[in-house]
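With mmCIF, C-alpha atoms and all ligand atoms inside, this is query.cif:
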```
data_model
loop_
_atom_site.label_atom_id
_atom_site.label_comp_id
_atom_site.auth_asym_id
_atom_site.auth_seq_id
_atom_site.Cartn_x
_atom_site.Cartn_y
_atom_site.Cartn_z
CA MET A 26 32.41 -53.86 -26.84
CA ALA A 27 31.31 -51.80 -23.87
CA ASP A 28 29.93 -48.42 -24.85
CA ILE A 29 30.03 -45.42 -22.51
CA ARG A 30 26.53 -44.45 -23.69
CA GLU A 31 25.22 -47.78 -22.44
CA LEU A 32 26.81 -47.15 -19.04
CA MET A 33 25.23 -43.68 -18.97
CA SER A 34 21.78 -45.02 -19.74
CA PHE A 35 22.23 -47.75 -17.10
CA LEU A 36 23.14 -45.07 -14.53
CA ASP A 37 20.25 -42.78 -15.53
CA ASN A 38 17.79 -45.67 -15.35
CA SER A 39 19.05 -46.89 -11.97
CA PRO A 40 17.85 -44.26 -9.45
CA SER A 41 17.71 -46.92 -6.69
CA CYS A 42 19.43 -50.25 -5.94
CA PHE A 43 16.20 -52.05 -6.92
CA HIS A 44 16.23 -50.39 -10.33
CA ALA A 45 19.94 -51.20 -10.79
CA ILE A 46 19.35 -54.91 -10.13
CA HIS A 47 16.25 -54.92 -12.32
CA ASN A 48 18.28 -53.42 -15.19
CA LEU A 49 21.13 -55.92 -14.76
CA LYS A 50 18.56 -58.73 -14.78
CA THR A 51 16.96 -57.46 -17.99
CA ARG A 52 20.38 -57.19 -19.63
CA LEU A 53 21.29 -60.75 -18.56
CA GLU A 54 17.98 -62.13 -19.87
CA SER A 55 18.59 -60.45 -23.23
CA GLN A 56 21.93 -62.32 -23.34
CA GLY A 57 20.39 -65.73 -22.69
CA PHE A 58 20.97 -65.99 -18.92
CA LYS A 59 18.18 -67.92 -17.18
CA ALA A 60 16.54 -66.81 -13.93
CA LEU A 61 16.78 -69.16 -10.92
CA GLY A 62 14.82 -68.74 -7.68
CA GLU A 63 16.49 -69.30 -4.32
CA GLY A 64 13.30 -71.00 -3.15
CA GLU A 65 13.15 -73.40 -6.09
CA ALA A 66 14.99 -76.56 -7.12
CA TRP A 67 17.86 -75.96 -9.53
CA ALA A 68 18.77 -78.08 -12.54
CA LEU A 69 21.95 -76.71 -14.12
CA GLU A 70 23.40 -77.63 -17.49
CA GLU A 71 27.07 -77.65 -18.42
CA GLY A 72 27.90 -74.44 -20.26
CA GLY A 73 24.65 -72.89 -18.93
CA LYS A 74 24.20 -69.22 -17.97
CA TYR A 75 22.08 -68.30 -14.96
CA PHE A 76 21.33 -65.61 -12.41
CA VAL A 77 19.67 -65.47 -9.02
CA THR A 78 18.55 -62.37 -7.12
CA ARG A 79 17.93 -61.78 -3.42
CA ASN A 80 15.57 -59.10 -2.09
CA GLY A 81 15.49 -57.53 -5.56
CA SER A 82 18.60 -55.59 -4.55
CA ALA A 83 21.42 -58.16 -4.94
CA ILE A 84 22.24 -60.48 -7.83
CA ILE A 85 24.64 -63.32 -8.61
CA ALA A 86 25.02 -64.19 -12.30
CA PHE A 87 27.12 -67.17 -13.40
CA ARG A 88 28.28 -69.24 -16.34
CA LEU A 89 29.19 -72.90 -15.94
CA PRO A 90 32.13 -74.40 -17.82
CA GLU A 91 31.47 -76.88 -20.62
CA VAL A 92 33.00 -79.69 -18.56
CA LYS A 93 32.90 -80.16 -14.78
CA GLY A 94 34.26 -76.98 -13.14
CA GLU A 95 37.50 -76.90 -11.19
CA GLY A 96 36.97 -73.71 -9.20
CA PHE A 97 35.25 -70.35 -9.05
CA ILE A 98 36.33 -67.09 -10.64
CA LEU A 99 34.17 -64.33 -9.24
CA SER A 100 33.73 -60.60 -8.96
CA ALA A 101 31.95 -58.66 -6.21
CA SER A 102 30.61 -55.12 -6.32
CA HIS A 103 27.66 -53.25 -4.78
CA SER A 104 24.29 -51.90 -5.90
CA ASP A 105 23.67 -49.30 -3.18
CA ARG A 106 24.87 -45.72 -2.74
CA PRO A 107 24.70 -43.18 0.05
CA THR A 108 21.38 -41.32 -0.15
CA PHE A 109 18.40 -40.30 1.98
CA LYS A 110 15.62 -42.77 2.76
CA VAL A 111 12.04 -41.53 3.01
CA LYS A 112 10.65 -42.08 6.52
CA GLU A 113 7.21 -43.39 7.45
CA ASN A 114 4.69 -40.54 7.93
CA PRO A 115 7.02 -38.32 5.94
CA GLU A 116 5.00 -35.14 5.56
CA LEU A 117 6.37 -32.33 7.73
CA GLU A 118 5.23 -28.71 7.81
CA THR A 119 7.07 -25.46 8.44
CA ALA A 120 5.22 -22.59 10.14
CA GLY A 121 1.96 -23.64 8.49
CA GLN A 122 3.43 -22.61 5.12
CA TYR A 123 5.53 -25.35 3.57
CA LEU A 124 5.27 -29.09 3.12
CA ARG A 125 8.54 -30.98 3.56
CA LEU A 126 9.57 -34.64 3.24
CA ALA A 127 11.08 -36.34 6.30
CA VAL A 128 14.15 -38.36 5.35
CA GLU A 129 16.92 -40.25 7.10
CA ARG A 130 20.53 -40.64 6.00
CA TYR A 131 21.49 -43.93 4.32
CA GLY A 132 25.27 -44.36 4.36
CA GLY A 133 27.95 -41.71 4.65
CA MET A 134 27.23 -39.10 1.99
CA LEU A 135 28.75 -35.71 1.26
CA MET A 136 25.80 -33.58 2.36
CA ALA A 137 26.41 -30.15 0.79
CA PRO A 138 26.07 -31.25 -2.86
CA TRP A 139 22.54 -32.52 -2.18
CA MET A 140 21.37 -28.90 -1.87
CA ASP A 141 19.92 -26.57 -4.51
CA ARG A 142 19.19 -29.19 -7.15
CA PRO A 143 15.97 -30.90 -8.22
CA LEU A 144 15.48 -34.27 -6.52
CA SER A 145 12.98 -37.07 -6.84
CA ILE A 146 12.05 -40.37 -5.20
CA ALA A 147 12.56 -43.95 -6.39
CA GLY A 148 12.48 -47.43 -4.88
CA ARG A 149 9.81 -50.06 -4.35
CA VAL A 150 6.25 -50.08 -3.06
CA MET A 151 4.42 -53.04 -1.60
CA VAL A 152 0.88 -53.00 -2.95
CA GLU A 153 -2.11 -54.94 -1.63
CA SER A 154 -3.37 -57.26 -4.35
CA GLU A 155 -5.96 -60.00 -4.77
CA THR A 156 -3.37 -62.62 -3.93
CA GLY A 157 -2.04 -60.68 -0.94
CA MET A 158 0.85 -58.41 -1.87
CA GLU A 159 2.78 -57.31 -4.91
CA ILE A 160 6.17 -55.58 -5.05
CA ARG A 161 6.36 -52.76 -7.60
CA LEU A 162 9.33 -50.66 -8.67
CA VAL A 163 8.50 -46.97 -8.62
CA ASN A 164 10.16 -43.83 -9.85
CA LEU A 165 8.22 -40.62 -9.22
CA ASP A 166 10.22 -39.35 -12.21
CA LYS A 167 9.56 -35.63 -11.82
CA ASP A 168 11.40 -32.70 -10.31
CA LEU A 169 9.59 -33.14 -7.01
CA CYS A 170 11.70 -31.68 -4.23
CA MET A 171 14.75 -29.57 -3.37
CA ILE A 172 16.85 -28.90 -0.29
CA PRO A 173 17.30 -25.11 -0.45
CA ASN A 174 20.44 -23.65 1.08
CA VAL A 175 20.25 -20.86 3.64
CA ALA A 176 21.39 -17.53 2.15
CA ILE A 177 24.86 -16.33 3.09
CA HIS A 178 23.20 -13.28 4.70
CA MET A 179 21.38 -15.54 7.15
CA ASN A 180 24.28 -17.90 7.74
CA ARG A 181 27.52 -15.93 7.61
CA LYS A 182 29.41 -19.10 8.67
CA ALA A 183 28.29 -21.06 5.59
CA ASN A 184 31.79 -20.92 4.05
CA ASP A 185 33.67 -21.46 7.34
CA GLY A 186 33.32 -25.20 7.73
CA TYR A 187 29.62 -25.14 8.63
CA THR A 188 28.33 -28.46 10.00
CA TYR A 189 25.09 -29.69 8.46
CA ASN A 190 22.56 -31.23 10.83
CA PRO A 191 20.66 -33.95 8.92
CA ALA A 192 17.57 -33.43 11.10
CA VAL A 193 17.45 -29.70 10.32
CA ASP A 194 19.43 -28.73 7.22
CA MET A 195 18.79 -31.72 4.96
CA ILE A 196 14.98 -31.90 4.83
CA PRO A 197 13.69 -31.44 1.26
CA LEU A 198 10.89 -29.01 0.45
CA MET A 199 8.04 -30.56 -1.55
CA GLY A 200 5.38 -27.86 -1.88
CA SER A 201 3.08 -25.39 -0.19
CA MET A 202 0.68 -26.50 2.57
CA SER A 203 -2.13 -26.74 0.05
CA THR A 204 -0.41 -29.87 -1.31
CA LYS A 205 -0.78 -31.72 2.01
CA GLY A 206 -1.33 -35.44 1.34
CA CYS A 207 0.47 -35.26 -2.01
CA PHE A 208 3.18 -37.78 -1.02
CA ARG A 209 0.88 -40.80 -0.78
CA LYS A 210 -1.20 -39.54 -3.68
CA GLN A 211 1.78 -39.32 -6.01
CA LEU A 212 3.18 -42.59 -4.75
CA ALA A 213 -0.12 -44.38 -5.45
CA GLU A 214 -0.20 -42.86 -8.93
CA ALA A 215 3.37 -43.99 -9.67
CA ALA A 216 2.63 -47.50 -8.33
CA GLY A 217 -0.65 -47.77 -10.23
CA CYS A 218 -2.75 -48.42 -7.12
CA THR A 219 -4.94 -46.60 -4.62
CA GLU A 220 -3.49 -44.94 -1.53
CA GLU A 221 -5.23 -47.55 0.63
CA GLN A 222 -3.45 -50.35 -1.23
CA ILE A 223 0.00 -49.09 -0.20
CA LEU A 224 1.19 -51.53 2.47
CA GLY A 225 4.84 -50.50 2.69
CA TYR A 226 7.75 -48.92 0.84
CA ASP A 227 11.53 -48.56 0.57
CA LEU A 228 12.05 -45.20 -1.10
CA TYR A 229 15.13 -43.07 -1.59
CA LEU A 230 15.96 -39.59 -2.84
CA TYR A 231 17.89 -39.30 -6.08
CA ASN A 232 19.47 -36.53 -8.09
CA ARG A 233 17.55 -35.53 -11.23
CA GLU A 234 20.69 -34.50 -13.11
CA LYS A 235 21.38 -37.00 -15.90
CA ALA A 236 24.82 -38.47 -16.63
CA LYS A 237 27.03 -36.14 -18.67
CA ILE A 238 30.31 -36.33 -20.55
CA TRP A 239 32.38 -33.17 -20.24
CA GLY A 240 35.89 -31.68 -20.28
CA ALA A 241 38.22 -30.11 -22.84
CA GLU A 242 38.47 -33.43 -24.66
CA ASP A 243 35.25 -34.99 -23.37
CA GLU A 244 37.33 -37.07 -21.00
CA TYR A 245 35.11 -37.04 -17.89
CA ILE A 246 31.80 -38.62 -17.05
CA SER A 247 29.67 -37.33 -14.18
CA ALA A 248 26.63 -39.16 -12.85
CA GLN A 249 25.03 -40.39 -9.67
CA GLY A 250 25.88 -43.81 -8.35
CA LEU A 251 29.23 -44.28 -10.15
CA ASP A 252 30.36 -45.83 -6.84
CA ASP A 253 29.68 -48.63 -7.39
CA LEU A 254 27.38 -49.08 -10.37
CA GLN A 255 30.30 -48.35 -12.70
CA CYS A 256 32.04 -51.51 -11.41
CA ALA A 257 28.78 -53.50 -11.23
CA TRP A 258 28.12 -52.69 -14.88
CA ALA A 259 31.70 -53.32 -16.06
CA THR A 260 32.09 -56.65 -14.24
CA MET A 261 28.69 -57.81 -15.57
CA GLU A 262 29.59 -56.80 -19.12
CA GLY A 263 32.86 -58.70 -18.60
CA LEU A 264 30.95 -61.83 -17.57
CA ILE A 265 28.57 -61.51 -20.53
CA ALA A 266 31.44 -61.16 -23.01
CA ALA A 267 33.69 -63.84 -21.47
CA LYS A 268 34.07 -67.26 -23.09
CA PRO A 269 33.39 -70.35 -20.96
CA GLY A 270 36.52 -71.18 -18.95
CA LYS A 271 37.70 -74.02 -16.71
CA GLY A 272 36.12 -72.46 -13.65
CA VAL A 273 32.57 -71.36 -12.85
CA GLN A 274 32.45 -67.63 -13.63
CA LEU A 275 30.35 -65.50 -11.28
CA CYS A 276 29.48 -61.81 -11.07
CA CYS A 277 28.04 -60.81 -7.68
CA VAL A 278 26.44 -57.45 -6.93
CA PHE A 279 25.58 -57.13 -3.25
CA ASP A 280 23.42 -54.54 -1.49
CA ASN A 281 24.06 -52.52 1.67
CA GLU A 282 27.84 -52.06 1.31
CA GLU A 283 27.38 -48.43 2.34
CA VAL A 284 25.92 -49.44 5.70
CA GLY A 285 28.34 -52.27 6.55
CA SER A 286 27.05 -55.16 4.37
CA GLY A 287 25.44 -56.91 7.37
CA THR A 288 22.05 -57.70 5.83
CA MET A 289 20.69 -60.85 4.20
CA GLN A 290 21.36 -59.32 0.76
CA GLY A 291 24.75 -57.83 1.72
CA ALA A 292 28.23 -59.27 1.27
CA ASP A 293 28.16 -60.30 4.95
CA SER A 294 25.41 -62.87 4.33
CA ASN A 295 25.23 -66.48 3.18
CA PHE A 296 24.09 -65.47 -0.33
CA LEU A 297 27.36 -66.24 -2.12
CA GLU A 298 28.15 -69.32 -0.03
CA SER A 299 24.68 -70.70 -0.62
CA VAL A 300 24.91 -70.18 -4.40
CA LEU A 301 28.39 -71.76 -4.59
CA LYS A 302 27.26 -74.79 -2.56
CA ARG A 303 24.19 -75.26 -4.74
CA ILE A 304 26.33 -75.07 -7.90
CA CYS A 305 28.54 -77.80 -6.42
CA ALA A 306 25.54 -79.93 -5.47
CA CYS A 307 24.10 -79.64 -9.00
CA THR A 308 27.33 -80.24 -10.91
CA GLY A 309 29.17 -82.72 -8.69
CA MET A 310 32.01 -80.31 -7.90
CA ASP A 311 33.73 -80.74 -4.53
CA TYR A 312 33.13 -77.52 -2.56
CA SER A 313 36.39 -77.39 -0.59
CA ARG A 314 38.51 -78.38 -3.57
CA ALA A 315 36.76 -75.82 -5.75
CA LEU A 316 37.35 -73.03 -3.21
CA ALA A 317 41.05 -73.87 -3.17
CA ASN A 318 41.18 -73.32 -6.94
CA SER A 319 39.31 -70.02 -6.88
CA PHE A 320 39.95 -66.31 -7.22
CA GLN A 321 37.90 -63.22 -6.39
CA VAL A 322 38.05 -59.68 -7.79
CA SER A 323 36.38 -57.25 -5.40
CA ALA A 324 35.53 -54.22 -7.55
CA ASP A 325 34.64 -50.95 -5.83
CA ASN A 326 35.61 -47.49 -6.98
CA ALA A 327 38.88 -45.84 -5.92
CA HIS A 328 39.93 -42.26 -5.15
CA ALA A 329 41.77 -40.53 -7.99
CA LEU A 330 44.43 -37.89 -7.35
CA HIS A 331 42.36 -34.76 -6.62
CA PRO A 332 43.07 -31.67 -8.76
CA ASN A 333 42.83 -29.25 -5.80
CA HIS A 334 44.10 -31.57 -3.09
CA PRO A 335 46.96 -33.74 -4.39
CA GLU A 336 48.28 -33.84 -0.80
CA PHE A 337 45.50 -36.26 0.24
CA SER A 338 46.97 -38.95 -2.00
CA ASP A 339 49.85 -41.30 -1.29
CA PRO A 340 53.08 -39.90 -2.81
CA THR A 341 53.62 -42.79 -5.26
CA ASN A 342 50.34 -44.71 -5.41
CA ARG A 343 48.01 -42.03 -6.75
CA PRO A 344 45.74 -43.20 -9.57
CA VAL A 345 44.48 -40.71 -12.13
CA ILE A 346 41.23 -40.55 -14.08
CA ASN A 347 41.44 -42.46 -17.41
CA GLY A 348 44.70 -44.06 -16.26
CA GLY A 349 43.26 -47.59 -16.13
CA VAL A 350 42.01 -50.03 -13.51
CA VAL A 351 43.22 -49.45 -9.94
CA ILE A 352 44.55 -52.18 -7.64
CA LYS A 353 44.08 -51.19 -3.97
CA PHE A 354 46.57 -52.16 -1.27
CA ASN A 355 46.36 -51.91 2.51
CA ALA A 356 48.86 -53.40 4.95
CA ASN A 357 46.14 -54.14 7.51
CA GLN A 358 44.10 -56.00 4.88
CA ARG A 359 41.14 -53.63 4.77
CA TYR A 360 41.71 -54.38 1.10
CA THR A 361 42.20 -58.07 0.36
CA THR A 362 45.02 -57.59 -2.17
CA ASP A 363 48.37 -59.24 -1.57
CA GLY A 364 51.43 -59.80 -3.74
CA ILE A 365 50.04 -62.98 -5.30
CA THR A 366 46.52 -61.74 -6.05
CA SER A 367 47.82 -58.43 -7.45
CA ALA A 368 50.20 -60.41 -9.67
CA LEU A 369 47.33 -62.58 -10.94
CA PHE A 370 45.21 -59.53 -11.71
CA ARG A 371 48.14 -57.79 -13.43
CA THR A 372 48.64 -60.86 -15.61
CA ALA A 373 45.03 -60.60 -16.81
CA CYS A 374 45.37 -56.85 -17.46
CA LYS A 375 48.57 -57.40 -19.44
CA LYS A 376 46.81 -59.96 -21.61
CA ALA A 377 43.90 -57.55 -22.09
CA GLY A 378 46.22 -54.65 -22.95
CA VAL A 379 44.81 -52.66 -20.04
CA ASN A 380 46.74 -50.17 -17.90
CA VAL A 381 47.00 -50.86 -14.17
CA GLN A 382 47.39 -48.20 -11.47
CA THR A 383 47.89 -48.68 -7.75
CA PHE A 384 46.25 -47.10 -4.73
CA CYS A 385 47.35 -46.94 -1.10
CA ASN A 386 46.00 -44.61 1.55
CA ARG A 387 48.41 -41.93 2.68
CA ALA A 388 49.97 -43.62 5.72
CA ASP A 389 48.24 -41.19 8.15
CA LEU A 390 44.75 -41.38 6.55
CA ALA A 391 42.33 -44.17 7.48
CA GLY A 392 40.54 -44.43 4.12
CA GLY A 393 37.37 -46.39 3.45
CA SER A 394 36.66 -50.08 3.49
CA THR A 395 34.86 -52.24 0.97
CA LEU A 396 33.25 -55.65 0.54
CA GLY A 397 36.10 -57.95 -0.51
CA ASN A 398 37.23 -58.91 2.97
CA ILE A 399 33.59 -59.25 4.09
CA SER A 400 32.61 -61.74 1.40
CA THR A 401 35.87 -63.70 1.87
CA SER A 402 35.07 -64.02 5.57
CA HIS A 403 32.22 -66.36 4.50
CA VAL A 404 33.90 -67.94 1.51
CA SER A 405 37.68 -68.04 1.92
CA ILE A 406 38.97 -67.29 -1.55
CA PRO A 407 42.17 -65.42 -2.44
CA SER A 408 41.07 -61.96 -3.49
CA VAL A 409 42.25 -58.72 -5.04
CA ASP A 410 40.61 -55.34 -4.42
CA VAL A 411 40.33 -53.19 -7.50
CA GLY A 412 38.26 -50.19 -8.61
CA LEU A 413 37.91 -47.41 -11.13
CA PRO A 414 39.37 -43.98 -10.33
CA GLN A 415 36.87 -41.25 -9.45
CA PHE A 416 36.41 -37.89 -7.71
CA ALA A 417 33.78 -36.83 -5.18
CA MET A 418 32.97 -40.31 -3.87
CA HIS A 419 29.56 -40.32 -2.11
CA SER A 420 28.41 -37.05 -3.67
CA PRO A 421 25.04 -37.30 -5.50
CA TYR A 422 26.99 -36.38 -8.65
CA GLU A 423 30.33 -38.18 -8.91
CA THR A 424 33.00 -37.89 -11.60
CA ALA A 425 35.07 -40.58 -13.33
CA GLY A 426 36.80 -41.12 -16.68
CA VAL A 427 35.17 -42.09 -19.97
CA LYS A 428 37.84 -44.73 -20.71
CA ASP A 429 38.19 -46.62 -17.45
CA ALA A 430 34.99 -48.69 -17.40
CA GLU A 431 35.94 -50.30 -20.70
CA SER A 432 39.36 -51.18 -19.25
CA LEU A 433 37.64 -53.08 -16.43
CA VAL A 434 35.38 -54.91 -18.89
CA LYS A 435 38.44 -56.04 -20.87
CA ALA A 436 40.35 -57.00 -17.73
CA MET A 437 37.39 -59.04 -16.40
CA ILE A 438 37.04 -60.96 -19.68
CA GLU A 439 40.65 -62.14 -19.15
CA VAL A 440 40.14 -62.76 -15.42
CA TYR A 441 37.10 -64.96 -16.11
CA GLY A 442 39.18 -67.00 -18.53
CA MET A 443 41.92 -67.67 -15.97
CA SER A 444 42.70 -71.15 -14.74
CA ILE A 445 43.67 -70.98 -11.08
CA ARG A 446 45.44 -73.78 -9.22
CA SER A 447 46.18 -73.98 -5.53
CA ALA A 448 49.85 -74.67 -4.78
CA SER A 449 51.63 -75.22 -1.49
CA SER A 450 52.97 -71.67 -1.45
CA GLY A 451 49.79 -69.97 -2.65
CA LEU A 452 47.85 -69.69 -5.88
CA THR A 453 49.29 -70.17 -9.28
CA LEU A 454 48.19 -70.04 -12.88
CA GLU A 455 47.91 -73.10 -15.05
CO CO B 501 31.72 -48.28 -3.04
#
```
Could I get this structure in the form of structure tokens?
Amino acid sequence: MADIRELMSFLDNSPSCFHAIHNLKTRLESQGFKALGEGEAWALEEGGKYFVTRNGSAIIAFRLPEVKGEGFILSASHSDRPTFKVKENPELETAGQYLRLAVERYGGMLMAPWMDRPLSIAGRVMVESETGMEIRLVNLDKDLCMIPNVAIHMNRKANDGYTYNPAVDMIPLMGSMSTKGCFRKQLAEAAGCTEEQILGYDLYLYNREKAKIWGAEDEYISAQGLDDLQCAWATMEGLIAAKPGKGVQLCCVFDNEEVGSGTMQGADSNFLESVLKRICACTGMDYSRALANSFQVSADNAHALHPNHPEFSDPTNRPVINGGVVIKFNANQRYTTDGITSALFRTACKKAGVNVQTFCNRADLAGGSTLGNISTSHVSIPSVDVGLPQFAMHSPYETAGVKDAESLVKAMIEVYGMSIRSASSGLTLE
């Protein structure tokens, strides 16, 4: 069964979305899932387990039923997190004294917690090779930079709602001027190539602090990337542990949720649709009929009742850490959940012996959005939005509960085993 230590090592070894997908892939391969290429012909076997990646930052893993499938049971989560992306020509100087690293915001992060802590750089580098170009994962894997705060004596307004300017306040310091040129040098070293061989890169800052369990009863886990790698990991472990069902079971992890999902590897792409259609073409399933007998769980972390600010939560739908999996509701369908899909998910949780909590935004707060309604705009499948309760969403060090990920794994095992049937009044269980 899912072990919190395995989640922690997954989080620590996934400093970028590319690393997260690489680690999921490795885990799937160790469990007998076979790699498929989008650019290759597919031959699928009944009962077979497969995965396909796109851009190295999104993955869809699936298991076919032992007889012809009747529908799709799928989960969707995301591999990316708000961070800072390293710009081209990133070396900046200050007054001829310091060397800084030019970065740009990726997604909507909490800025203050990025300060005064060791940071490093991870992502991918495109390296010139004999055959043309090679893509290499890199992690500079050292305490390389820091965004130092301004002293209270120099900024008396620091505790009065100070507004951080990303172009001024959030530029990490890397070294003294004598280290000029060190960025490309270190990058080349990490990529195992010469500086001249570097053709391009997608690199992001990450927090050097490792995942930790803490609290009076060791009840909390803090780490970077819990939103949404906690759900990506739990849904994937659920797929791995599930038994073959009547439907095709899929676990999708998309990229770019934090910037609106509108990329070729995001939820707002044809990735899922293309994979579902190819599964149908290979197995003789009827696409439209299969969609009618399908169900999606969109899994993205949820806000727990905050210890210092309980007033930000809805009065009756306020999930707590370690209270179980959260079902998210929104009247305007920013979350896909409705009465039927929440009932289906609750049925699975009941079977799994897992606690369910509910989340609604306080009626006067807008709240965030997620990827469920984006993926269902391409593939119209009844869907429920769920997540695991956490604090400090979009901080570089987020906090969740040690028990909740396992609850989602157990719930997903039951969800993947469900047999969904379309009925005139909506979905039903067989
Ligand atoms: Co998220």
* To do: Counting all atoms listed in the file, figure out which residue out of A:Gly132, A:Gly287, A:Pro40, A:Pro407 gets nearest to ligand CO 501 (chain B).
  => A:Gly132
* **A:Ala241, A:Val278, A:Val163, A:Met33 ranked by distance to A:Leu49, top pick (using only C-alpha atoms)** => A:Val278
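Atom pair atom CA of A:Thr372 / atom CA of A:Gly272 has a distance of 17.2 Å (rounded to one decimal).
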* Do a neighbour search on stretch 437-440 of chain A at 9 Å with all atoms listed in the file, toss out local chain neighbours closer than 6 positions, and write the hits as a ChimeraX atom specification. => /A:98-100,259-268,320,322,369-370,372-374,376-377
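Using all atoms listed in the file, the smallest distance between any of A:Asn114, A:Ser286, A:Ser203, A:Asn295 and ligand CO 501 (chain B) comes from A:Ser286.
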* Distance criterion (all atoms listed in the file): nearest to ligand CO 501 (chain B) out of A:Asn48, A:Ser102, A:Gln415, A:Ser402 -> A:Ser102
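Nearest-residue note for A:Lys59: choosing from A:Val193, A:Val411, A:Val77, A:Met202, the minimum distance belongs to A:Val77, counting all atoms listed in the file.
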* **Neighbourhood of ligand CO 501 (chain B) at 9 Å, counting all atoms listed in the file, reported as a PyMOL selection string** => chain A and resi 102-106+251-254+256+282-283+324-327+393-396+412+418-419
Closest atom pairs, residues of stretch 189-266 of chain A within 9 Å of stretch 165-174 of chain A, only C-alpha atoms, as a Markdown table:
```
| residue | atom | partner | partner_atom | distance |
| --- | --- | --- | --- | --- |
| A:Asp194 | CA | A:Ile172 | CA | 7.9 |
| A:Met195 | CA | A:Ile172 | CA | 6.3 |
| A:Ile196 | CA | A:Ile172 | CA | 6.2 |
| A:Pro197 | CA | A:Ile172 | CA | 4.3 |
| A:Leu198 | CA | A:Cys170 | CA | 5.4 |
| A:Met199 | CA | A:Cys170 | CA | 4.7 |
| A:Gly200 | CA | A:Cys170 | CA | 7.7 |
| A:Gln211 | CA | A:Leu165 | CA | 7.3 |
| A:Leu212 | CA | A:Leu165 | CA | 7.0 |
| A:Glu214 | CA | A:Leu165 | CA | 8.7 |
| A:Ala215 | CA | A:Leu165 | CA | 5.9 |
| A:Ala216 | CA | A:Leu165 | CA | 8.9 |
| A:Arg233 | CA | A:Asp168 | CA | 6.8 |
```
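Pairwise distance (atom CA of A:Pro344, atom CA of A:Gln382) equals 5.6 Å.
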Residues around (24.9, -83.2, -7.5), cut-off 12 Å, counting all atoms listed in the file - what are they as a short mmCIF file (atom, residue, chain, number, x, y, z; two decimals) with C-alpha atoms, in the coordinates of the input?
```
data_model
loop_
_atom_site.label_atom_id
_atom_site.label_comp_id
_atom_site.auth_asym_id
_atom_site.auth_seq_id
_atom_site.Cartn_x
_atom_site.Cartn_y
_atom_site.Cartn_z
CA ALA A 66 14.99 -76.56 -7.12
CA TRP A 67 17.86 -75.96 -9.53
CA ALA A 68 18.77 -78.08 -12.54
CA LEU A 69 21.95 -76.71 -14.12
CA GLU A 70 23.40 -77.63 -17.49
CA LYS A 93 32.90 -80.16 -14.78
CA LYS A 302 27.26 -74.79 -2.56
CA ARG A 303 24.19 -75.26 -4.74
CA ILE A 304 26.33 -75.07 -7.90
CA CYS A 305 28.54 -77.80 -6.42
CA ALA A 306 25.54 -79.93 -5.47
CA CYS A 307 24.10 -79.64 -9.00
CA THR A 308 27.33 -80.24 -10.91
CA GLY A 309 29.17 -82.72 -8.69
CA MET A 310 32.01 -80.31 -7.90
CA ASP A 311 33.73 -80.74 -4.53
CA TYR A 312 33.13 -77.52 -2.56
#
```
* **A:Leu126, A:Leu224, A:Ile177, A:Ala356 ranked by distance to A:Thr204, top pick (using all atoms listed in the file)** => A:Leu126
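The interatomic distance for the pair atom CA of A:Glu129 and atom CA of A:Ala45 works out to 21.2 Å.
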Select from stretch 60-91 of chain A every residue with an atom at most 12 Å from any atom of stretch 137-159 of chain A, then for each give the shortest pair of atoms and their distance in Å to one decimal, using all atoms listed in the file, rows by chain and rising number, as a Markdown table.
```
| residue | atom | partner | partner_atom | distance |
| --- | --- | --- | --- | --- |
| A:Asn80 | CA | A:Arg149 | CA | 11.0 |
| A:Gly81 | CA | A:Arg149 | CA | 9.5 |
| A:Ser82 | CA | A:Gly148 | CA | 10.2 |
```
Selected residues written out, C-alpha atoms, as a PDB file, in the frame of the given file:
```pdb
ATOM      1  CA  ASN A  80      15.570 -59.100  -2.090  1.00  0.00           C
ATOM      2  CA  GLY A  81      15.490 -57.530  -5.560  1.00  0.00           C
ATOM      3  CA  SER A  82      18.600 -55.590  -4.550  1.00  0.00           C
TER       4      SER A  82
END
```
Restrict the output to stretch 160-164 of chain A and N, CA, C and O atoms, then write it as a PDB file, in the first residue's frame.
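Saved to decode_11.pdb:
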```
ATOM      1  N   ILE A 160      17.669  15.742 -25.752  1.00  0.00           N
ATOM      2  CA  ILE A 160      17.035  16.428 -24.623  1.00  0.00           C
ATOM      3  C   ILE A 160      17.527  15.779 -23.337  1.00  0.00           C
ATOM      4  O   ILE A 160      17.423  14.558 -23.187  1.00  0.00           O
ATOM      5  N   ARG A 161      18.087  16.561 -22.443  1.00  0.00           N
ATOM      6  CA  ARG A 161      18.590  15.990 -21.184  1.00  0.00           C
ATOM      7  C   ARG A 161      17.940  16.670 -19.985  1.00  0.00           C
ATOM      8  O   ARG A 161      17.835  17.898 -19.937  1.00  0.00           O
ATOM      9  N   LEU A 162      17.541  15.839 -19.019  1.00  0.00           N
ATOM     10  CA  LEU A 162      17.037  16.370 -17.749  1.00  0.00           C
ATOM     11  C   LEU A 162      18.222  16.887 -16.957  1.00  0.00           C
ATOM     12  O   LEU A 162      19.247  16.223 -16.898  1.00  0.00           O
ATOM     13  N   VAL A 163      18.072  18.051 -16.348  1.00  0.00           N
ATOM     14  CA  VAL A 163      19.159  18.539 -15.500  1.00  0.00           C
ATOM     15  C   VAL A 163      18.628  19.033 -14.164  1.00  0.00           C
ATOM     16  O   VAL A 163      17.515  19.559 -14.065  1.00  0.00           O
ATOM     17  N   ASN A 164      19.455  18.844 -13.165  1.00  0.00           N
ATOM     18  CA  ASN A 164      19.199  19.379 -11.837  1.00  0.00           C
ATOM     19  C   ASN A 164      20.554  19.895 -11.361  1.00  0.00           C
ATOM     20  O   ASN A 164      21.488  19.114 -11.219  1.00  0.00           O
TER      21      ASN A 164
END
```
